$ cat final.cif   # mmCIF, C-alpha atoms
data_input
loop_
_atom_site.label_atom_id
_atom_site.label_comp_id
_atom_site.auth_asym_id
_atom_site.auth_seq_id
_atom_site.Cartn_x
_atom_site.Cartn_y
_atom_site.Cartn_z
CA MET A 230 -47.34 -14.45 -71.22
CA LYS A 231 -48.32 -12.47 -68.11
CA VAL A 232 -45.29 -11.89 -65.86
CA LEU A 233 -45.45 -10.51 -62.34
CA GLY A 234 -42.34 -8.49 -61.52
CA LEU A 235 -41.10 -7.86 -57.97
CA GLU A 236 -38.45 -5.26 -57.13
CA THR A 237 -37.13 -5.10 -53.55
CA SER A 238 -33.41 -4.44 -53.94
CA CYS A 239 -33.24 -1.32 -51.74
CA ASP A 240 -35.83 1.19 -50.52
CA GLU A 241 -38.68 0.82 -53.01
CA THR A 242 -41.23 -1.98 -53.17
CA GLY A 243 -42.29 -2.23 -56.79
CA LEU A 244 -44.72 -4.70 -58.37
CA ALA A 245 -45.95 -4.80 -61.97
CA ILE A 246 -47.57 -7.09 -64.49
CA PHE A 247 -46.22 -7.28 -68.04
CA ASP A 248 -48.31 -8.98 -70.73
CA SER A 249 -46.48 -9.94 -73.92
CA GLU A 250 -49.78 -10.06 -75.82
CA GLN A 251 -50.11 -6.30 -75.30
CA ILE A 252 -46.54 -5.46 -76.29
CA ASN A 253 -47.65 -3.50 -79.36
CA SER A 254 -50.28 -1.45 -77.53
CA ASP A 255 -49.81 2.06 -76.21
CA ASN A 256 -48.49 0.85 -72.87
CA GLN A 257 -45.93 -1.49 -74.52
CA GLY A 258 -47.13 -4.51 -72.57
CA LEU A 259 -47.31 -2.92 -69.13
CA VAL A 260 -50.73 -3.84 -67.74
CA GLY A 261 -50.27 -2.09 -64.42
CA GLN A 262 -47.80 -1.29 -61.67
CA VAL A 263 -47.69 -0.16 -58.05
CA LEU A 264 -44.76 1.39 -56.23
CA TYR A 265 -44.22 2.12 -52.57
CA SER A 266 -41.28 4.33 -51.63
CA GLN A 267 -39.60 4.26 -48.23
CA ILE A 268 -38.12 7.76 -48.64
CA GLU A 269 -39.96 9.23 -45.64
CA LEU A 270 -38.81 6.36 -43.44
CA HIS A 271 -35.13 6.65 -44.34
CA ALA A 272 -35.08 10.46 -44.56
CA LEU A 273 -35.07 10.48 -40.75
CA TYR A 274 -31.59 8.90 -40.87
CA GLY A 275 -30.20 10.67 -43.95
CA GLY A 276 -29.90 7.41 -45.90
CA VAL A 277 -31.15 3.84 -46.22
CA VAL A 278 -31.16 1.68 -43.07
CA PRO A 279 -30.99 -1.93 -44.42
CA GLU A 280 -32.91 -3.66 -41.62
CA LEU A 281 -35.73 -1.14 -41.72
CA ALA A 282 -35.89 -1.51 -45.50
CA SER A 283 -36.29 -5.29 -45.22
CA ARG A 284 -39.06 -5.02 -42.64
CA ASP A 285 -40.96 -2.49 -44.70
CA HIS A 286 -40.81 -4.72 -47.80
CA ILE A 287 -42.34 -7.56 -45.78
CA ARG A 288 -45.08 -5.27 -44.53
CA LYS A 289 -46.03 -4.01 -48.00
CA LEU A 290 -45.67 -6.96 -50.40
CA VAL A 291 -49.06 -8.62 -49.82
CA PRO A 292 -51.19 -5.44 -49.81
CA LEU A 293 -49.36 -4.14 -52.88
CA LEU A 294 -49.96 -7.40 -54.74
CA ASN A 295 -53.66 -7.21 -53.91
CA GLU A 296 -53.75 -3.59 -55.05
CA LEU A 297 -51.99 -4.49 -58.32
CA LEU A 298 -54.34 -7.37 -59.10
CA GLU A 299 -57.35 -5.14 -58.47
CA GLN A 300 -55.85 -2.42 -60.68
CA CYS A 301 -55.31 -4.94 -63.50
CA ASN A 302 -58.65 -6.69 -62.91
CA MET A 303 -56.80 -10.00 -62.59
CA LYS A 304 -56.66 -12.98 -60.28
CA LYS A 305 -53.50 -14.71 -59.08
CA ILE A 306 -54.26 -17.79 -61.16
CA GLU A 307 -54.01 -15.67 -64.33
CA ILE A 308 -50.30 -14.96 -63.71
CA ASP A 309 -48.11 -17.13 -65.95
CA ALA A 310 -44.70 -16.50 -64.37
CA ILE A 311 -42.93 -14.46 -61.70
CA ALA A 312 -39.69 -12.48 -61.94
CA TYR A 313 -37.99 -11.10 -58.84
CA THR A 314 -34.82 -9.12 -58.24
CA LYS A 315 -32.02 -11.51 -57.32
CA GLY A 316 -29.27 -8.89 -57.03
CA PRO A 317 -27.35 -6.73 -56.69
CA GLY A 318 -28.69 -4.88 -53.68
CA LEU A 319 -29.16 -5.12 -49.92
CA ILE A 320 -29.20 -8.82 -49.06
CA GLY A 321 -32.08 -8.60 -46.58
CA ALA A 322 -34.22 -6.55 -48.94
CA LEU A 323 -33.45 -8.89 -51.84
CA MET A 324 -34.42 -11.95 -49.81
CA THR A 325 -37.88 -10.57 -48.98
CA GLY A 326 -38.88 -10.27 -52.63
CA ALA A 327 -37.11 -13.45 -53.72
CA LEU A 328 -38.71 -15.65 -51.07
CA PHE A 329 -42.11 -14.07 -51.59
CA GLY A 330 -41.92 -14.46 -55.36
CA ARG A 331 -40.55 -18.00 -55.34
CA SER A 332 -43.13 -19.16 -52.77
CA LEU A 333 -45.98 -17.62 -54.72
CA ALA A 334 -44.74 -19.22 -57.94
CA TYR A 335 -44.53 -22.61 -56.20
CA GLY A 336 -48.07 -22.24 -54.88
CA LEU A 337 -49.37 -21.33 -58.34
CA ASP A 338 -47.23 -24.00 -60.05
CA ILE A 339 -45.69 -21.50 -62.46
CA PRO A 340 -42.05 -20.74 -63.33
CA ALA A 341 -39.99 -18.09 -61.53
CA ILE A 342 -36.71 -16.40 -62.36
CA GLY A 343 -34.27 -14.16 -60.52
CA ILE A 344 -33.33 -10.99 -62.43
CA HIS A 345 -30.27 -8.75 -62.30
CA HIS A 346 -31.39 -5.35 -61.02
CA MET A 347 -29.19 -3.40 -63.44
CA GLU A 348 -30.26 -5.50 -66.41
CA GLY A 349 -33.79 -4.44 -65.52
CA HIS A 350 -32.72 -0.80 -65.73
CA LEU A 351 -30.83 -1.41 -68.98
CA LEU A 352 -33.86 -3.00 -70.66
CA ALA A 353 -36.45 -0.55 -69.28
CA PRO A 354 -36.07 1.87 -72.24
CA LEU A 355 -37.17 -0.99 -74.52
CA MET A 356 -40.62 -0.55 -72.99
CA GLY A 357 -40.85 3.00 -74.34
CA ALA A 358 -42.77 4.21 -77.39
CA ASN A 359 -39.66 4.17 -79.61
CA PRO A 360 -37.44 1.41 -78.21
CA PRO A 361 -33.78 1.43 -79.30
CA ALA A 362 -32.43 -1.50 -81.25
CA PHE A 363 -29.32 -3.44 -80.24
CA PRO A 364 -26.42 -2.78 -80.25
CA PHE A 365 -26.09 0.33 -78.09
CA VAL A 366 -24.00 1.84 -75.31
CA SER A 367 -25.81 2.08 -71.99
CA LEU A 368 -25.11 4.44 -69.11
CA LEU A 369 -26.57 2.94 -65.95
CA VAL A 370 -26.46 5.60 -63.30
CA SER A 371 -28.12 5.37 -59.89
CA GLY A 372 -27.50 5.64 -56.17
CA GLY A 373 -25.49 2.45 -56.08
CA HIS A 374 -24.10 2.06 -59.60
CA THR A 375 -22.40 3.98 -62.39
CA LEU A 376 -21.71 1.75 -65.39
CA LEU A 377 -20.97 2.17 -69.08
CA ILE A 378 -21.88 -0.97 -71.01
CA ALA A 379 -21.76 -2.04 -74.64
CA ALA A 380 -24.97 -4.03 -75.05
CA HIS A 381 -25.00 -6.35 -78.07
CA GLY A 382 -28.16 -8.19 -77.03
CA VAL A 383 -29.99 -9.39 -73.94
CA GLY A 384 -27.33 -10.90 -71.70
CA GLN A 385 -24.53 -9.90 -74.09
CA TYR A 386 -22.82 -7.17 -72.14
CA GLU A 387 -19.33 -5.72 -72.23
CA ILE A 388 -18.31 -3.45 -69.35
CA LEU A 389 -16.63 -0.36 -70.77
CA GLY A 390 -16.30 1.59 -67.54
CA GLU A 391 -17.55 1.66 -63.96
CA SER A 392 -17.15 3.60 -60.75
CA ILE A 393 -14.11 2.64 -58.69
CA ASP A 394 -15.58 4.24 -55.54
CA ASP A 395 -18.78 6.25 -55.00
CA ALA A 396 -21.56 6.01 -57.58
CA ALA A 397 -22.87 9.26 -59.06
CA GLY A 398 -26.20 8.99 -57.23
CA GLU A 399 -24.42 8.31 -53.95
CA CYS A 400 -22.31 11.42 -54.50
CA PHE A 401 -25.50 13.45 -55.04
CA ASP A 402 -26.85 12.16 -51.72
CA LYS A 403 -23.68 13.03 -49.83
CA ALA A 404 -23.35 16.48 -51.38
CA ALA A 405 -26.99 17.19 -50.52
CA LYS A 406 -26.39 16.19 -46.91
CA MET A 407 -23.42 18.60 -46.73
CA LEU A 408 -25.71 21.37 -47.98
CA GLY A 409 -28.34 20.52 -45.38
CA LEU A 410 -30.77 19.12 -47.93
CA PRO A 411 -33.02 16.13 -47.17
CA TYR A 412 -32.68 12.60 -48.56
CA PRO A 413 -32.80 11.66 -51.43
CA GLY A 414 -30.13 14.06 -52.63
CA GLY A 415 -30.55 14.00 -56.41
CA PRO A 416 -33.95 15.71 -56.78
CA ASN A 417 -33.19 18.19 -53.99
CA ILE A 418 -29.80 19.17 -55.45
CA ALA A 419 -31.44 19.64 -58.87
CA LYS A 420 -34.19 21.82 -57.39
CA LEU A 421 -31.72 24.03 -55.50
CA ALA A 422 -29.44 24.22 -58.57
CA GLU A 423 -32.22 25.86 -60.61
CA ALA A 424 -31.51 29.14 -58.80
CA GLY A 425 -27.73 28.80 -59.03
CA ASN A 426 -24.91 29.53 -61.46
CA PRO A 427 -23.25 26.32 -62.73
CA ASP A 428 -20.06 28.24 -63.49
CA ALA A 429 -19.80 29.91 -60.09
CA TYR A 430 -17.23 27.47 -58.73
CA ALA A 431 -14.64 25.30 -60.50
CA LEU A 432 -15.01 21.71 -59.32
CA PRO A 433 -12.91 18.77 -60.57
CA ARG A 434 -13.89 16.27 -63.26
CA PRO A 435 -12.20 13.15 -61.79
CA MET A 436 -10.57 10.65 -64.19
CA LEU A 437 -11.88 12.55 -67.20
CA HIS A 438 -8.83 11.66 -69.29
CA ARG A 439 -8.19 8.20 -67.84
CA GLY A 440 -10.25 5.66 -69.74
CA LEU A 441 -13.96 5.14 -69.11
CA ASP A 442 -13.97 4.41 -65.38
CA PHE A 443 -15.53 6.87 -62.94
CA SER A 444 -14.44 8.23 -59.56
CA PHE A 445 -16.65 10.56 -57.56
CA SER A 446 -15.06 10.42 -54.11
CA GLY A 447 -12.80 13.36 -55.03
CA MET A 448 -15.84 15.33 -56.13
CA LYS A 449 -17.42 14.74 -52.73
CA THR A 450 -14.27 15.97 -50.99
CA ALA A 451 -14.10 19.04 -53.22
CA VAL A 452 -17.69 19.99 -52.32
CA HIS A 453 -16.92 19.51 -48.63
CA ASN A 454 -13.91 21.81 -48.88
CA LEU A 455 -15.85 24.36 -50.93
CA ILE A 456 -18.63 24.56 -48.36
CA LYS A 457 -16.07 24.85 -45.57
CA ASP A 458 -14.13 27.61 -47.31
CA THR A 459 -17.07 29.62 -48.63
CA ASP A 460 -18.08 32.45 -46.33
CA GLY A 461 -21.79 32.66 -45.73
CA SER A 462 -22.65 29.28 -47.28
CA ASP A 463 -24.73 28.39 -44.22
CA SER A 464 -26.89 31.49 -44.38
CA ASP A 465 -26.68 32.83 -47.93
CA PRO A 466 -29.21 31.00 -50.15
CA GLN A 467 -27.52 32.20 -53.36
CA ILE A 468 -24.16 30.74 -52.36
CA ARG A 469 -25.83 27.41 -51.55
CA ALA A 470 -27.63 27.44 -54.89
CA ASP A 471 -24.40 28.25 -56.74
CA ILE A 472 -22.61 25.36 -55.00
CA ALA A 473 -25.44 22.98 -55.89
CA ALA A 474 -25.47 24.14 -59.52
CA SER A 475 -21.67 23.92 -59.84
CA PHE A 476 -21.63 20.45 -58.31
CA GLN A 477 -24.46 19.15 -60.51
CA HIS A 478 -22.79 20.57 -63.62
CA ALA A 479 -19.44 18.97 -62.75
CA VAL A 480 -21.01 15.51 -62.28
CA VAL A 481 -23.14 15.81 -65.42
CA ASP A 482 -20.22 17.12 -67.49
CA THR A 483 -18.15 14.12 -66.42
CA LEU A 484 -20.91 11.64 -67.30
CA VAL A 485 -21.60 13.25 -70.68
CA LYS A 486 -17.97 13.37 -71.78
CA LYS A 487 -17.46 9.73 -70.77
CA CYS A 488 -20.56 8.75 -72.76
CA VAL A 489 -19.30 10.50 -75.89
CA LYS A 490 -15.93 8.77 -75.49
CA ALA A 491 -17.64 5.38 -74.99
CA LEU A 492 -19.75 5.74 -78.14
CA LYS A 493 -16.67 6.55 -80.19
CA GLN A 494 -14.68 3.69 -78.66
CA ALA A 495 -17.48 1.17 -79.25
CA ASP A 496 -18.22 2.60 -82.72
CA MET A 497 -21.93 2.90 -81.92
CA SER A 498 -24.44 5.67 -82.46
CA ARG A 499 -27.12 4.88 -79.87
CA LEU A 500 -26.91 5.66 -76.16
CA VAL A 501 -29.39 4.28 -73.63
CA ILE A 502 -29.44 5.93 -70.22
CA ALA A 503 -31.29 4.39 -67.28
CA GLY A 504 -31.36 4.46 -63.49
CA GLY A 505 -32.58 7.08 -61.04
CA VAL A 506 -30.06 9.76 -62.06
CA SER A 507 -31.25 9.48 -65.68
CA ALA A 508 -34.27 11.58 -64.66
CA ASN A 509 -31.97 14.58 -64.08
CA THR A 510 -33.04 17.31 -66.52
CA HIS A 511 -29.59 18.91 -66.77
CA LEU A 512 -28.06 15.54 -67.69
CA ARG A 513 -30.64 14.95 -70.42
CA GLU A 514 -30.20 18.39 -71.91
CA MET A 515 -26.41 18.13 -72.04
CA LEU A 516 -26.50 14.60 -73.47
CA GLU A 517 -28.86 15.55 -76.26
CA ALA A 518 -26.78 18.60 -77.16
CA GLU A 519 -23.42 16.78 -77.18
CA LEU A 520 -24.66 13.62 -78.92
CA ALA A 521 -26.20 15.70 -81.70
CA LYS A 522 -22.70 16.92 -82.52
CA ILE A 523 -21.57 13.34 -83.31
CA ASN A 524 -24.85 12.24 -84.99
CA ALA A 525 -25.74 9.94 -82.10
CA THR A 526 -29.11 9.50 -80.40
CA VAL A 527 -30.03 9.08 -76.74
CA HIS A 528 -32.90 6.95 -75.42
CA TYR A 529 -34.48 6.95 -71.97
CA ALA A 530 -36.88 4.81 -70.03
CA PRO A 531 -40.39 6.25 -69.61
CA PRO A 532 -40.37 8.68 -66.63
CA ALA A 533 -42.21 6.25 -64.34
CA LEU A 534 -39.57 3.59 -65.03
CA CYS A 535 -36.41 5.62 -64.32
CA THR A 536 -36.28 4.80 -60.61
CA ASP A 537 -36.50 1.27 -59.19
CA ASN A 538 -39.76 -0.42 -60.21
CA GLY A 539 -41.36 -3.78 -60.78
CA ALA A 540 -42.10 -3.18 -64.48
CA MET A 541 -38.44 -3.38 -65.52
CA ILE A 542 -38.06 -6.65 -63.61
CA ALA A 543 -41.20 -8.09 -65.20
CA TYR A 544 -39.98 -7.18 -68.69
CA ALA A 545 -36.46 -8.54 -68.13
CA GLY A 546 -38.07 -11.68 -66.75
CA PHE A 547 -40.21 -12.05 -69.84
CA GLU A 548 -37.17 -11.79 -72.12
CA ARG A 549 -35.47 -14.64 -70.28
CA LEU A 550 -38.52 -16.78 -69.63
CA GLN A 551 -39.51 -16.79 -73.30
CA ALA A 552 -36.00 -18.05 -74.06
CA GLY A 553 -36.64 -21.04 -71.79
CA GLN A 554 -34.71 -19.83 -68.74
CA SER A 555 -36.08 -20.23 -65.21
CA ASP A 556 -34.83 -21.00 -61.69
CA ASP A 557 -35.36 -24.10 -59.59
CA LEU A 558 -36.70 -24.12 -56.04
CA ASP A 559 -33.42 -22.98 -54.51
CA VAL A 560 -33.51 -19.28 -53.63
CA SER A 561 -30.20 -17.46 -53.65
CA CYS A 562 -29.61 -13.70 -53.76
CA VAL A 563 -26.42 -11.98 -54.85
CA PRO A 564 -25.53 -8.62 -53.23
CA ARG A 565 -22.70 -8.17 -55.76
CA TRP A 566 -23.25 -9.57 -59.24
CA PRO A 567 -21.23 -8.61 -62.35
CA MET A 568 -23.48 -8.26 -65.39
CA THR A 569 -20.91 -10.09 -67.51
CA GLU A 570 -21.85 -13.29 -65.64
CA LEU A 571 -25.39 -13.26 -67.05
CA PRO A 572 -26.26 -15.88 -69.69
CA ALA A 573 -27.08 -14.62 -73.17
CA VAL A 574 -30.59 -14.87 -74.59
#
$ encode --input "final.cif" --output "structure tokens"
Amino acid sequence: MKVLGLETSCDETGLAIFDSEQINSDNQGLVGQVLYSQIELHALYGGVVPELASRDHIRKLVPLLNELLEQCNMKKIEIDAIAYTKGPGLIGALMTGALFGRSLAYGLDIPAIGIHHMEGHLLAPLMGANPPAFPFVSLLVSGGHTLLIAAHGVGQYEILGESIDDAAGECFDKAAKMLGLPYPGGPNIAKLAEAGNPDAYALPRPMLHRGLDFSFSGMKTAVHNLIKDTDGSDSDPQIRADIAASFQHAVVDTLVKKCVKALKQADMSRLVIAGGVSANTHLREMLEAELAKINATVHYAPPALCTDNGAMIAYAGFERLQAGQSDDLDVSCVPRWPMTELPAV
């Protein structure tokens, strides 16, 4: 089964083709993918502007599809099914991909299915060279979401903890803006932190001893106050680097300790981490070190699949389509969509 995946939930237009007949090859079924990022567009405003995101998706979908088909040496009629991101995300951005995908599927007389964006992230590591087996605990950490999930199978999810305010990635963006760094914040904070001392400043670890939920709004406030109270932070590059390193370490330390607690609570030994923040090197290093102490393993998506992409949507679509699931002609998108509402496969 050849599945075209479309991802348009926020500021990346991602398309990919997954072929189940190539699932045992070196690329684990991924025939090809294309990705267009709107970072330069939104960097002018310091964050994503929803209406501009929607318009840019519309502008890029057709040329990207043509580019993908050429890359894969395929024609439209060879596509067997289409999967598109149904939610969660920005409603206008979601609608562009959903309407495009559903219309194309109707024209080709093939099935289509709407996919949960975070389920796509959760399943992306299964496309790696050594995919983890169910059950496992998953940390989904991105600009809009921070979730700890016990995954017992596709569609069999138990929420262990989630952010009650800002997501970790969102906190990175806001801290970067306070430090005068460009959007997106995560990579730029990490780069600046390389020259800093992570122990230079004591920053809070919010809700560390209160269950498995997350709260990063206090962290954001603490960084704001630190920058305000630190003499020379505007002009001294070392102070700025130390603040970035201390902030990154505080966020990562919080995530790691919550992951260890979740594994123990769920009585599992495998952790899957996905989402844009999962590419953070400091997070990976700390996770591997701490999980080794409890004889647990950590699994990641391939580097190209950490951020939003069409491949994860195509793969999640394949899992559900092969189980007989598909959507009718009605197109509905869901800006907020609990993963516990998804049907099991």
$ atom_distance --input "final.cif" --atom1 "CA of Leu323 (chain A)" --atom2 "CA of Lys403 (chain A)"
24.1 Å
$ closest_residue --input "final.cif" --among "A:Thr325, A:Arg565, A:Leu293, A:Ile306" --to "Ile339 (chain A)" --atoms "all atoms listed in the file"
A:Ile306
$ residues_around --input "final.cif" --residues "Tyr386 (chain A)" --least-positions-apart "3" --cutoff "7 Å" --atoms "all atoms listed in the file" --output "ChimeraX atom specification"
/A:378-381,568-569
$ atom_distance --input "final.cif" --atom1 "CA of Asn417 (chain A)" --atom2 "CA of Gly504 (chain A)"
16.8 Å
$ residues_around --input "final.cif" --residues "region 332-336 of chain A" --least-positions-apart "3" --cutoff "10 Å" --atoms "only C-alpha atoms" --output "ChimeraX atom specification"
/A:233,305-306,308-312,326-329,339-342,557-558,560
$ resolve_selection --input "final.cif" --expression "the PyMOL selection byres ((chain A and resi 484) around 12)" --output "ChimeraX atom specification"
/A:367-370,375-377,390-392,396-398,434-437,441-445,477-483,485-491,502,506-507,509,511-513,515-516,519
$ closest_residue --input "final.cif" --among "A:Lys289, A:Lys406, A:Arg284, A:Lys315" --to "Val263 (chain A)" --atoms "all atoms listed in the file"
A:Lys289
$ closest_residue --input "final.cif" --among "A:Glu348, A:Asp338, A:Asp559, A:Glu241" --to "Pro572 (chain A)" --atoms "only C-alpha atoms"
A:Glu348
$ residues_around --input "final.cif" --residues "Gln554 (chain A)" --least-positions-apart "3" --cutoff "9 Å" --atoms "all atoms listed in the file" --output "list in words"
Ile342, Arg549, Leu550, Gln551 and Val574 of chain A
$ write_last_selection --input "final.cif" --atoms "C-alpha atoms" --output "PDB file, in the frame of the given file"
ATOM      1  CA  ILE A 342     -36.710 -16.400 -62.360  1.00  0.00           C
ATOM      2  CA  ARG A 549     -35.470 -14.640 -70.280  1.00  0.00           C
ATOM      3  CA  LEU A 550     -38.520 -16.780 -69.630  1.00  0.00           C
ATOM      4  CA  GLN A 551     -39.510 -16.790 -73.300  1.00  0.00           C
ATOM      5  CA  VAL A 574     -30.590 -14.870 -74.590  1.00  0.00           C
TER       6      VAL A 574
END
